[in-house]
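Q: Here you go, this is coords-v9.txt (compact mmCIF, C-alpha atoms).
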```txt
# COMPACT_ATOMS: atom_id res chain seq x y z
CA MET A 248 76.72 13.10 17.41
CA ARG A 249 76.75 16.61 16.13
CA ARG A 250 74.36 15.61 13.37
CA LEU A 251 72.03 14.04 15.95
CA GLY A 252 72.16 17.28 17.91
CA MET A 253 71.30 19.33 14.84
CA ILE A 254 68.43 16.98 13.99
CA GLY A 255 67.21 17.24 17.56
CA LEU A 256 67.29 21.03 17.45
CA ALA A 257 65.45 20.98 14.13
CA VAL A 258 62.76 18.74 15.66
CA ILE A 259 62.44 21.01 18.69
CA PHE A 260 62.12 24.15 16.52
CA SER A 261 59.57 22.41 14.29
CA ILE A 262 57.48 21.41 17.28
CA GLY A 263 57.71 24.99 18.53
CA GLY A 264 56.63 26.25 15.14
CA PHE A 265 53.68 23.89 15.00
CA ALA A 266 52.76 24.82 18.57
CA ASN A 267 52.79 28.51 17.65
CA ALA A 268 50.70 27.83 14.60
CA ALA A 269 48.33 25.71 16.69
CA LEU A 270 47.97 28.56 19.20
CA ALA A 271 47.60 31.18 16.44
CA ALA A 272 44.89 29.26 14.55
CA PRO A 273 42.07 29.66 17.11
CA ALA A 274 43.07 33.28 17.73
CA ASP A 275 42.93 33.92 13.98
CA ASP A 276 39.63 32.08 13.74
CA PHE A 277 38.26 34.23 16.54
CA GLN A 278 39.43 37.45 14.88
CA ALA A 279 37.76 36.37 11.65
CA ALA A 280 34.50 35.53 13.45
CA LEU A 281 34.63 38.79 15.39
CA ALA A 282 35.25 40.85 12.26
CA LYS A 283 32.23 39.30 10.56
CA ALA A 284 30.02 39.97 13.56
CA GLU A 285 31.24 43.57 13.94
CA ALA A 286 30.71 44.26 10.24
CA ALA A 287 27.15 42.98 10.45
CA ASN A 288 26.48 45.02 13.57
CA LYS A 289 27.82 48.09 11.80
CA GLN A 290 25.40 47.42 8.94
CA ALA A 291 22.58 47.21 11.48
CA GLY A 292 23.77 50.55 12.85
CA ALA A 293 23.52 52.12 9.41
CA LEU A 294 19.88 50.99 9.43
CA LYS A 295 19.52 52.48 12.96
CA ASN A 296 18.43 49.07 14.21
CA GLN A 297 21.12 47.57 16.43
CA TRP A 298 20.18 45.35 19.34
CA THR A 299 21.62 45.76 22.83
CA THR A 300 22.10 42.00 23.03
CA THR A 301 24.40 42.03 19.98
CA ALA A 302 26.71 44.53 21.65
CA GLN A 303 26.70 42.49 24.86
CA GLU A 304 27.57 39.29 23.00
CA LEU A 305 30.45 41.01 21.20
CA LYS A 306 31.84 42.09 24.56
CA THR A 307 31.40 38.59 25.95
CA ALA A 308 33.27 37.17 22.95
CA GLN A 309 36.13 39.62 23.40
CA ALA A 310 36.37 38.86 27.10
CA ALA A 311 36.52 35.13 26.44
CA ALA A 312 39.24 35.63 23.83
CA ALA A 313 41.23 37.83 26.21
CA ALA A 314 41.12 35.00 28.72
CA GLY A 315 42.38 32.58 26.09
CA HIS A 316 39.09 30.65 25.82
CA TYR A 317 39.00 30.75 22.05
CA ASP A 318 36.43 28.00 21.45
CA GLU A 319 33.98 29.84 23.66
CA ALA A 320 34.94 33.19 22.15
CA ILE A 321 34.33 31.94 18.62
CA LYS A 322 30.88 30.61 19.59
CA ASP A 323 30.04 33.95 21.20
CA ALA A 324 31.18 35.83 18.11
CA GLN A 325 29.08 33.55 15.91
CA HIS A 326 26.09 34.19 18.19
CA ALA A 327 26.72 37.93 17.91
CA LEU A 328 26.76 37.57 14.12
CA ALA A 329 23.41 35.75 14.22
CA LEU A 330 21.91 38.51 16.38
CA ALA A 331 23.24 41.22 14.09
CA GLU A 332 21.89 39.46 11.01
CA ALA A 333 18.52 39.07 12.69
CA SER A 334 18.44 42.80 13.48
CA ILE A 335 19.22 43.60 9.83
CA ALA A 336 16.47 41.23 8.64
CA GLN A 337 14.07 42.86 11.11
CA ALA A 338 14.82 46.36 9.81
CA LYS A 339 14.34 45.29 6.19
CA GLU A 340 11.12 43.42 6.89
CA GLN A 341 9.65 46.19 9.01
CA ALA A 342 10.39 48.81 6.35
CA ALA A 343 8.04 46.82 4.11
CA VAL A 344 5.29 45.91 6.58
CA TRP A 345 4.97 48.67 9.23
CA LYS A 346 2.07 50.28 7.38
CA GLN A 347 -0.05 47.20 7.96
CA ALA A 348 -0.13 48.01 11.69
CA VAL A 349 -1.32 51.60 11.29
CA VAL A 350 -4.73 52.44 12.70
CA ARG A 351 -6.90 53.45 9.74
CA MET B 288 -25.63 50.05 -30.04
CA ARG B 289 -23.90 46.76 -29.38
CA ARG B 290 -20.64 48.26 -30.62
CA ALA B 291 -21.06 51.25 -28.24
CA VAL B 292 -21.61 48.90 -25.29
CA MET B 293 -18.57 46.80 -26.21
CA LEU B 294 -16.49 49.97 -26.60
CA GLY B 295 -17.69 51.16 -23.20
CA LEU B 296 -16.79 47.85 -21.56
CA ALA B 297 -13.39 47.91 -23.21
CA MET B 298 -12.76 51.41 -21.86
CA LEU B 299 -13.77 50.31 -18.37
CA ALA B 300 -11.42 47.33 -18.58
CA LEU B 301 -8.55 49.63 -19.57
CA ALA B 302 -9.35 52.14 -16.82
CA ALA B 303 -9.68 49.57 -13.98
CA PRO B 304 -5.95 48.99 -13.37
CA TYR B 305 -5.39 52.77 -13.27
CA ALA B 306 -8.23 53.16 -10.77
CA LEU B 307 -6.79 50.42 -8.56
CA ALA B 308 -3.34 51.98 -8.79
CA ALA B 309 -4.80 55.36 -7.85
CA GLU B 310 -6.60 53.78 -4.88
CA SER B 311 -3.38 52.09 -3.79
CA GLN B 312 -1.50 55.37 -4.19
CA ALA B 313 -4.20 57.09 -2.16
CA ALA B 314 -3.74 54.52 0.62
CA ASP B 315 0.00 55.23 0.57
CA ALA B 316 -0.44 59.03 0.40
CA VAL B 317 0.35 60.83 3.66
CA ASN B 318 -2.86 62.17 5.16
CA PRO B 319 -2.36 63.42 8.72
CA GLN B 320 -5.97 64.60 9.02
CA ALA B 321 -7.32 61.14 8.16
CA ASP B 322 -4.78 59.52 10.49
CA PHE B 323 -5.84 61.88 13.27
CA LYS B 324 -9.52 60.98 12.90
CA ALA B 325 -8.83 57.24 12.78
CA PHE B 326 -6.46 57.38 15.78
CA ARG B 327 -8.96 59.37 17.85
CA LYS B 328 -11.85 57.07 16.88
CA TYR B 329 -9.84 53.96 17.76
CA PHE B 330 -9.14 55.05 21.33
CA THR B 331 -12.49 56.65 22.11
CA GLU B 332 -14.35 53.59 20.84
CA ARG B 333 -12.06 51.20 22.67
CA PHE B 334 -12.41 53.14 25.92
CA PRO B 335 -15.87 54.75 25.73
CA LYS B 336 -15.99 55.50 29.47
CA VAL B 337 -12.77 57.55 29.46
CA PRO B 338 -13.46 61.27 28.95
CA LEU B 339 -11.46 62.52 25.96
CA ASN B 340 -9.28 64.90 27.96
CA ASP B 341 -8.49 62.21 30.51
CA PHE B 342 -6.37 60.26 28.04
CA VAL B 343 -3.52 62.67 28.85
CA ASN B 344 -3.30 61.05 32.27
CA GLY B 345 -1.94 57.90 30.70
CA PRO B 346 -2.18 54.79 32.89
CA TYR B 347 -4.37 56.64 35.41
CA SER B 348 -7.12 56.88 32.80
CA MET B 349 -6.95 53.09 32.47
CA ASP B 350 -6.79 51.84 36.06
CA ALA B 351 -8.93 53.09 38.96
CA GLY B 352 -6.64 51.75 41.69
CA LEU B 353 -3.58 53.36 40.15
CA ARG B 354 -5.51 56.60 39.68
CA LYS B 355 -6.36 56.73 43.41
CA GLN B 356 -2.67 56.34 44.30
CA TRP B 357 -1.76 59.06 41.83
CA GLU B 358 -4.34 61.49 43.23
CA GLU B 359 -2.88 60.97 46.71
CA ILE B 360 0.70 61.44 45.45
CA ASP B 361 -0.31 64.57 43.55
CA ALA B 362 -1.19 66.27 46.84
CA PHE B 363 2.58 66.66 47.23
CA PRO B 364 3.76 66.40 43.61
CA PRO B 365 7.15 64.69 43.30
CA TYR B 366 7.98 66.94 40.29
CA GLN B 367 7.56 70.16 42.30
CA PHE B 368 11.26 70.43 43.05
CA ALA B 369 11.95 70.29 39.30
CA VAL B 370 9.37 73.00 38.57
CA ASP B 371 10.91 75.26 41.23
CA LYS B 372 14.42 74.66 39.92
CA GLY B 373 13.26 75.21 36.35
CA LYS B 374 11.62 78.52 37.27
CA GLU B 375 14.86 79.72 38.83
CA MET B 376 16.93 78.59 35.84
CA PHE B 377 14.48 80.23 33.44
CA ALA B 378 14.82 83.58 35.18
CA THR B 379 18.61 83.47 35.63
CA PRO B 380 20.38 85.58 32.98
CA PHE B 381 23.02 84.09 30.72
CA ALA B 382 26.53 85.55 30.80
CA ASP B 383 25.49 87.99 28.06
CA GLY B 384 22.61 89.32 30.18
CA LYS B 385 19.78 87.75 28.18
CA THR B 386 17.41 85.07 29.48
CA TYR B 387 15.39 82.21 28.02
CA ALA B 388 12.41 84.58 27.79
CA ASP B 389 14.25 86.47 25.05
CA CYS B 390 14.26 83.39 22.80
CA PHE B 391 10.57 82.48 22.86
CA PRO B 392 7.24 84.06 21.97
CA ASP B 393 5.20 85.32 24.94
CA LYS B 394 8.45 85.29 26.94
CA GLY B 395 8.31 81.49 26.97
CA ILE B 396 5.27 81.33 29.24
CA GLY B 397 2.34 79.14 28.25
CA ILE B 398 3.81 77.99 24.93
CA ARG B 399 4.67 74.30 25.46
CA GLN B 400 1.58 73.16 23.52
CA ASN B 401 3.08 74.53 20.30
CA TYR B 402 6.04 72.16 20.38
CA PRO B 403 7.39 70.43 18.48
CA TYR B 404 7.14 72.48 15.30
CA PHE B 405 8.53 72.04 11.81
CA ASP B 406 11.22 74.58 11.03
CA GLY B 407 11.13 75.48 7.34
CA LYS B 408 14.59 77.03 7.50
CA SER B 409 16.45 73.96 8.76
CA GLY B 410 13.97 71.46 7.32
CA GLU B 411 13.77 69.70 10.68
CA VAL B 412 11.43 69.18 13.58
CA ILE B 413 12.33 71.36 16.57
CA THR B 414 11.27 70.11 19.98
CA LEU B 415 11.06 72.30 23.07
CA ASP B 416 14.24 70.71 24.40
CA VAL B 417 16.12 71.48 21.18
CA ALA B 418 14.74 75.02 21.15
CA LEU B 419 16.03 75.56 24.69
CA ASN B 420 19.52 74.43 23.71
CA GLN B 421 19.40 76.58 20.57
CA CYS B 422 18.60 79.50 22.88
CA ARG B 423 21.55 78.68 25.11
CA GLU B 424 23.98 78.36 22.21
CA ALA B 425 22.71 81.57 20.60
CA ASN B 426 23.65 83.31 23.85
CA GLY B 427 27.09 81.76 24.22
CA GLU B 428 26.12 79.06 26.69
CA LYS B 429 26.94 75.33 26.49
CA PRO B 430 23.99 73.10 25.59
CA LEU B 431 22.40 71.01 28.32
CA ASP B 432 22.42 67.22 28.28
CA TYR B 433 19.05 66.17 26.84
CA SER B 434 18.63 63.34 29.32
CA LYS B 435 19.65 65.02 32.54
CA ASP B 436 18.00 66.95 35.35
CA ASP B 437 18.59 70.56 34.23
CA MET B 438 16.78 70.06 30.92
CA ALA B 439 14.02 68.19 32.76
CA ALA B 440 13.68 71.09 35.21
CA LEU B 441 13.41 73.73 32.45
CA THR B 442 10.85 71.76 30.46
CA ALA B 443 8.94 70.90 33.65
CA TYR B 444 8.58 74.62 34.40
CA MET B 445 7.54 75.46 30.84
CA ALA B 446 5.01 72.60 30.82
CA PHE B 447 3.65 73.78 34.18
CA THR B 448 3.02 77.29 32.80
CA SER B 449 1.10 75.69 29.92
CA ARG B 450 -1.10 73.28 31.88
CA GLY B 451 -4.56 72.91 30.42
CA LYS B 452 -3.66 74.51 27.08
CA PRO B 453 -4.61 72.31 24.13
CA PHE B 454 -1.93 70.90 21.85
CA ASP B 455 -1.72 72.93 18.64
CA ILE B 456 0.79 71.18 16.43
CA LYS B 457 0.90 72.34 12.84
CA ILE B 458 2.01 70.48 9.74
CA PRO B 459 2.70 73.22 7.19
CA ASP B 460 2.12 72.74 3.50
CA ASP B 461 5.69 71.59 2.96
CA PRO B 462 6.61 68.12 1.67
CA ARG B 463 9.48 68.01 4.17
CA ALA B 464 7.06 68.52 7.07
CA LEU B 465 4.81 65.75 5.74
CA ALA B 466 7.87 63.52 5.39
CA ALA B 467 8.88 64.21 8.99
CA TYR B 468 5.35 63.41 10.14
CA GLN B 469 5.35 60.15 8.18
CA LYS B 470 8.79 59.17 9.47
CA GLY B 471 7.46 59.69 12.98
CA GLU B 472 4.47 57.50 12.19
CA GLU B 473 6.78 54.88 10.72
CA TYR B 474 8.98 54.88 13.82
CA PHE B 475 5.91 54.48 16.04
CA TYR B 476 4.62 51.41 14.20
CA THR B 477 7.98 49.74 13.42
CA ARG B 478 8.95 46.73 15.51
CA ARG B 479 12.47 46.88 16.90
CA GLY B 480 14.83 45.29 19.37
CA GLN B 481 15.31 41.62 20.11
CA LEU B 482 11.88 41.61 21.73
CA ASN B 483 10.44 42.73 18.36
CA LEU B 484 8.02 45.28 19.80
CA SER B 485 6.93 48.60 18.38
CA CYS B 486 5.62 51.59 20.34
CA ALA B 487 2.20 50.56 19.00
CA SER B 488 2.56 47.02 20.36
CA CYS B 489 2.13 48.42 23.88
CA HIS B 490 0.39 51.74 23.44
CA VAL B 491 -2.11 50.97 20.65
CA GLN B 492 -2.65 47.23 20.91
CA ASN B 493 -2.44 46.86 24.70
CA PRO B 494 -3.24 50.10 26.58
CA GLY B 495 -4.61 49.35 30.03
CA GLY B 496 -2.83 46.01 29.98
CA HIS B 497 0.00 45.10 32.29
CA LEU B 498 3.71 44.78 31.64
CA ARG B 499 4.82 43.15 34.87
CA THR B 500 3.46 45.66 37.42
CA GLU B 501 3.17 48.58 34.99
CA VAL B 502 -0.11 49.63 33.42
CA LEU B 503 0.39 50.55 29.79
CA ALA B 504 -0.65 54.06 28.80
CA PRO B 505 -2.70 54.72 25.66
CA ALA B 506 -0.79 56.41 22.85
CA LEU B 507 -3.49 59.09 22.61
CA GLY B 508 -2.19 61.99 24.68
CA ILE B 509 0.93 60.10 25.78
CA VAL B 510 3.26 63.10 25.28
CA ALA B 511 1.01 65.53 27.17
CA ALA B 512 2.50 64.75 30.58
CA LEU B 513 6.17 65.09 29.61
CA PRO B 514 8.58 65.61 31.26
CA ILE B 515 7.76 63.11 33.97
CA TYR B 516 8.84 62.18 37.45
CA ARG B 517 9.07 58.40 37.49
CA SER B 518 9.06 56.55 40.79
CA GLU B 519 11.13 53.86 39.02
CA TRP B 520 13.82 56.44 38.28
CA GLY B 521 13.53 58.23 41.61
CA GLY B 522 13.70 61.47 39.64
CA MET B 523 12.67 63.49 36.62
CA GLY B 524 13.12 62.39 33.06
CA THR B 525 12.92 64.20 29.77
CA THR B 526 11.30 62.96 26.56
CA SER B 527 14.74 61.71 25.49
CA ARG B 528 15.17 59.71 28.66
CA ARG B 529 11.78 58.09 28.20
CA LEU B 530 12.35 57.18 24.57
CA THR B 531 15.86 55.82 25.09
CA SER B 532 14.75 53.73 28.06
CA CYS B 533 11.80 52.35 26.05
CA ASN B 534 14.26 51.32 23.33
CA SER B 535 16.54 49.58 25.84
CA GLN B 536 13.59 47.78 27.38
CA VAL B 537 12.84 46.05 24.06
CA ARG B 538 16.60 45.43 23.63
CA ALA B 539 16.99 47.97 20.86
CA THR B 540 20.13 50.08 21.01
CA PRO B 541 18.87 53.61 21.72
CA LEU B 542 19.60 56.45 19.33
CA LYS B 543 21.29 59.62 20.51
CA PRO B 544 18.91 61.87 22.48
CA GLU B 545 16.92 64.16 20.19
CA ASP B 546 17.99 62.12 17.16
CA GLU B 547 15.99 63.13 14.10
CA GLN B 548 13.93 59.94 14.39
CA TYR B 549 12.97 60.73 17.98
CA ARG B 550 11.99 64.28 17.05
CA ASP B 551 9.87 63.01 14.15
CA LEU B 552 8.23 60.54 16.51
CA GLU B 553 7.41 63.31 19.00
CA TYR B 554 6.02 65.40 16.10
CA TYR B 555 3.69 62.56 15.07
CA LEU B 556 2.50 61.78 18.60
CA SER B 557 2.01 65.45 19.43
CA TYR B 558 -0.07 65.99 16.28
CA MET B 559 -2.19 62.98 17.27
CA SER B 560 -2.74 64.75 20.62
CA ASN B 561 -3.99 68.01 19.06
CA GLY B 562 -6.79 69.50 21.10
CA LEU B 563 -5.86 67.54 24.24
CA PRO B 564 -4.60 69.56 27.21
CA ILE B 565 -1.03 69.75 28.42
CA SER B 566 -0.92 67.82 31.70
CA GLY B 567 2.81 68.02 32.40
CA PRO B 568 4.92 67.80 34.23
CA GLY B 569 3.62 64.39 35.18
CA ALA B 570 4.20 61.72 37.79
CA ARG B 571 4.32 58.11 36.74
CA PRO B 572 5.04 54.82 38.56
```
Could you render the structure from this file as structure tokens?

A:
Amino acid sequence: MRRLGMIGLAVIFSIGGFANAALAAPADDFQAALAKAEAANKQAGALKNQWTTTAQELKTAQAAAAAGHYDEAIKDAQHALALAEASIAQAKEQAAVWKQAVVR
Amino acid sequence: MRRAVMLGLAMLALAAPYALAAESQAADAVNPQADFKAFRKYFTERFPKVPLNDFVNGPYSMDAGLRKQWEEIDAFPPYQFAVDKGKEMFATPFADGKTYADCFPDKGIGIRQNYPYFDGKSGEVITLDVALNQCREANGEKPLDYSKDDMAALTAYMAFTSRGKPFDIKIPDDPRALAAYQKGEEYFYTRRGQLNLSCASCHVQNPGGHLRTEVLAPALGIVAALPIYRSEWGGMGTTSRRLTSCNSQVRATPLKPEDEQYRDLEYYLSYMSNGLPISGPGARP
């Protein structure tokens, strides 16, 4: 009986552990996605070419995560990363081509 | 004879790549005078019916209906309150007893057309707004916010005392000044923001066109009316306010007011306006 009780407790603790891990995984995934997006946006800032929409999307992602909607938050963070990367690509491309637009 | 001809041809063949490289280098070389001529020619040929000095009136030089509204509004100028406030501020002594007049040539009256200028000491472009804050700090006062009403009032007054005076922006024989000019030109023509528009997209490629209900001003003379009262804002706005709001409108994160890039941009645009009269402070939709 006692052994059954111990086994039962072990099962309960294991389930709890898995549940915690299951809850932590999306939160960790979000943090990773957010960190990538923020790093890219910082790089865009160094090029003095951030977009307002990137900052908005980062806020949206953080708000979704705060509400526990991690799937949505991760998508928003990934979208923010895409916007940041596009702003970096824009800065690099424009540095090479702006002269073509100059009135001569 | 044949050998001489062959030798000559060989020499030409060797020289050609150097000539092309020199031509390419020449195209890349900064030449404000050539830029000025090309810029002026572009706008005067595109709008042959607009008198040269009228370009400083921005959208009103492009649209007759808008011009009529502006002429009616100008009977009671919406910027007058700012000019009056600026005049009072200008004359009010600092805590140390000095005034703004002590910081500027000709006591600060009728000098707006000389700004911005390249300061050889700091190696930077100094706009009128920056010069005003330098004056304040030199006399123990806190600097004014570059985007807010007090700075707009001071610059409105100084522009008003300079109305009609032709822009006289100098680029000294200093590689740093040329670099600042070119950085301003680069900023002007560089696409930015999620909407991927440059200043030139609107003000070179589409002046006179519409952006929703707004008529786009030509870039020639575009800084002459600053600071401006904008009906959209319900108040006055400085150069900084205009530039930061333009950035936001194309979804580009604005820089800090009077950032080096903005000052270089103002330097470039002001040089392009040389000879055109100060028309500020202005009123815009």

Q: What is the distance, in Å and to one decimal place, between atom CA of B:Val417 and atom CA of B:Gln469?

A: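 Atom-to-atom, atom CA of B:Val417 to atom CA of B:Gln469, that is 20.3 Å.
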
Q: Using only C-alpha atoms for the distances, tell me which of B:Leu419, B:Val412, B:Ala446, B:Ala325 is nearest to B:Gly397.

A: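 So, comparing all the options, the nearest one is B:Ala446.
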
Q: Write down, as a ChimeraX atom specification, each residue of chain A that has any atom within 7 Å of an atom of chain B, counting only C-alpha atoms.

A: /A:296-300,341,345,348-351

Q: May I ask for the distance between atom CA of B:Val510 and atom CA of B:Ser557, given in Å to one decimal place?

A: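 Atom CA of B:Ser557 lies 6.4 Å from atom CA of B:Val510.
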
Q: Could you tell me how far atom CA of B:Pro544 sits from atom CA of A:Lys283, in Å to one decimal place?

A: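 Between these atoms lies a distance of 28.8 Å.
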